[in-house]
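Visitor: coords_11.pdb is reproduced below (PDB, C-alpha atoms).
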```pdb
ATOM      1  CA  MET A 604       0.000   0.000   0.000
ATOM      2  CA  ARG A 605       1.363   3.402  -0.951
ATOM      3  CA  PRO A 606       1.724   6.116   1.678
ATOM      4  CA  ALA A 607      -0.617   9.068   1.407
ATOM      5  CA  THR A 608       0.538  11.883  -0.826
ATOM      6  CA  TYR A 609       1.238  15.320   0.533
ATOM      7  CA  PRO A 610      -1.865  17.536   0.366
ATOM      8  CA  GLY A 611       0.043  20.383  -1.310
ATOM      9  CA  GLY A 612       2.227  18.309  -3.579
ATOM     10  CA  MET A 613       5.914  17.549  -3.184
ATOM     11  CA  ILE A 614       7.197  21.110  -3.613
ATOM     12  CA  PRO A 615       6.413  23.470  -0.734
ATOM     13  CA  GLY A 616       5.003  26.779  -1.894
ATOM     14  CA  THR A 617       4.588  30.301  -0.632
ATOM     15  CA  GLY A 618       0.847  30.268  -1.250
ATOM     16  CA  SER A 619       1.238  32.735  -4.121
ATOM     17  CA  ALA A 620       1.515  31.340  -7.646
ATOM     18  CA  GLY A 621       3.504  34.373  -8.823
ATOM     19  CA  TRP A 622       6.098  34.124  -6.067
ATOM     20  CA  ASP A 623       6.341  30.354  -6.562
ATOM     21  CA  LEU A 624       7.154  30.921 -10.247
ATOM     22  CA  VAL A 625       9.750  33.597  -9.443
ATOM     23  CA  LEU A 626      11.415  31.371  -6.849
ATOM     24  CA  GLN A 627      11.441  28.336  -9.148
ATOM     25  CA  ILE A 628      13.016  30.367 -11.972
ATOM     26  CA  GLY A 629      15.596  31.730  -9.520
ATOM     27  CA  ILE A 630      16.477  28.236  -8.322
ATOM     28  CA  VAL A 631      16.878  26.982 -11.900
ATOM     29  CA  LEU A 632      19.092  29.968 -12.797
ATOM     30  CA  ALA A 633      21.227  29.426  -9.692
ATOM     31  CA  LEU A 634      21.686  25.753 -10.609
ATOM     32  CA  LEU A 635      22.644  26.640 -14.187
ATOM     33  CA  VAL A 636      25.128  29.294 -13.044
ATOM     34  CA  SER A 637      26.744  26.922 -10.553
ATOM     35  CA  ILE A 638      27.036  24.176 -13.198
ATOM     36  CA  VAL A 639      28.609  26.596 -15.687
ATOM     37  CA  LEU A 640      31.069  27.841 -13.062
ATOM     38  CA  MET A 641      32.000  24.271 -12.125
ATOM     39  CA  ILE A 642      32.645  23.412 -15.786
ATOM     40  CA  LYS A 643      34.765  26.542 -16.281
ATOM     41  CA  ASN A 644      36.727  25.806 -13.121
ATOM     42  CA  PHE A 645      37.291  22.204 -14.223
ATOM     43  CA  ARG A 646      38.519  23.304 -17.664
ATOM     44  CA  ASP A 647      40.966  25.823 -16.228
ATOM     45  CA  ARG A 648      42.875  23.087 -14.356
TER      46      ARG A 648
END
```
In structure tokens, how does this file's structure come out?

Guide:
Amino acid sequence: MRPATYPGGMIPGTGSAGWDLVLQIGIVLALLVSIVLMIKNFRDR
């Protein structure tokens, strides 16, 4: 038997759809920037 799902889904939200979108875009951009910086740092070795 599967455990019950979270009532609000897996991703916690602020309660505002606009702020959720802004925060999700910011998180994605931060991940992309960190990946790019890691690749550049690895190439410079």

Visitor: For atom CA of Thr617 of chain A and atom CA of Val636 of chain A, determine how far apart the two atoms are, in Å to one decimal place.

Guide: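 Between these atoms lies a distance of 24.0 Å.
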
Visitor: When you draw a straight line from atom CA of Gln627 of chain A to atom CA of Leu640 of chain A, how long is it in Å?

Guide: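 According to the coordinates, atom CA of Gln627 of chain A and atom CA of Leu640 of chain A are separated by 20.0 Å.
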
Visitor: Edge lengths and centre, in Å to one decimal, as JSON: that's what I need for the box along x, y and z that holds all listed atoms of segment 619-627 of chain A plus 3 Å on each side.

Guide:
```
{"center_x": 6.3, "center_y": 31.4, "center_z": -7.2, "size_x": 16.2, "size_y": 12.0, "size_z": 12.1}
```

Visitor: Between atom CA of Ile628 of chain A and atom CA of Met641 of chain A, what distance in Å does the model show, to one decimal?

Guide: 19.9 Å
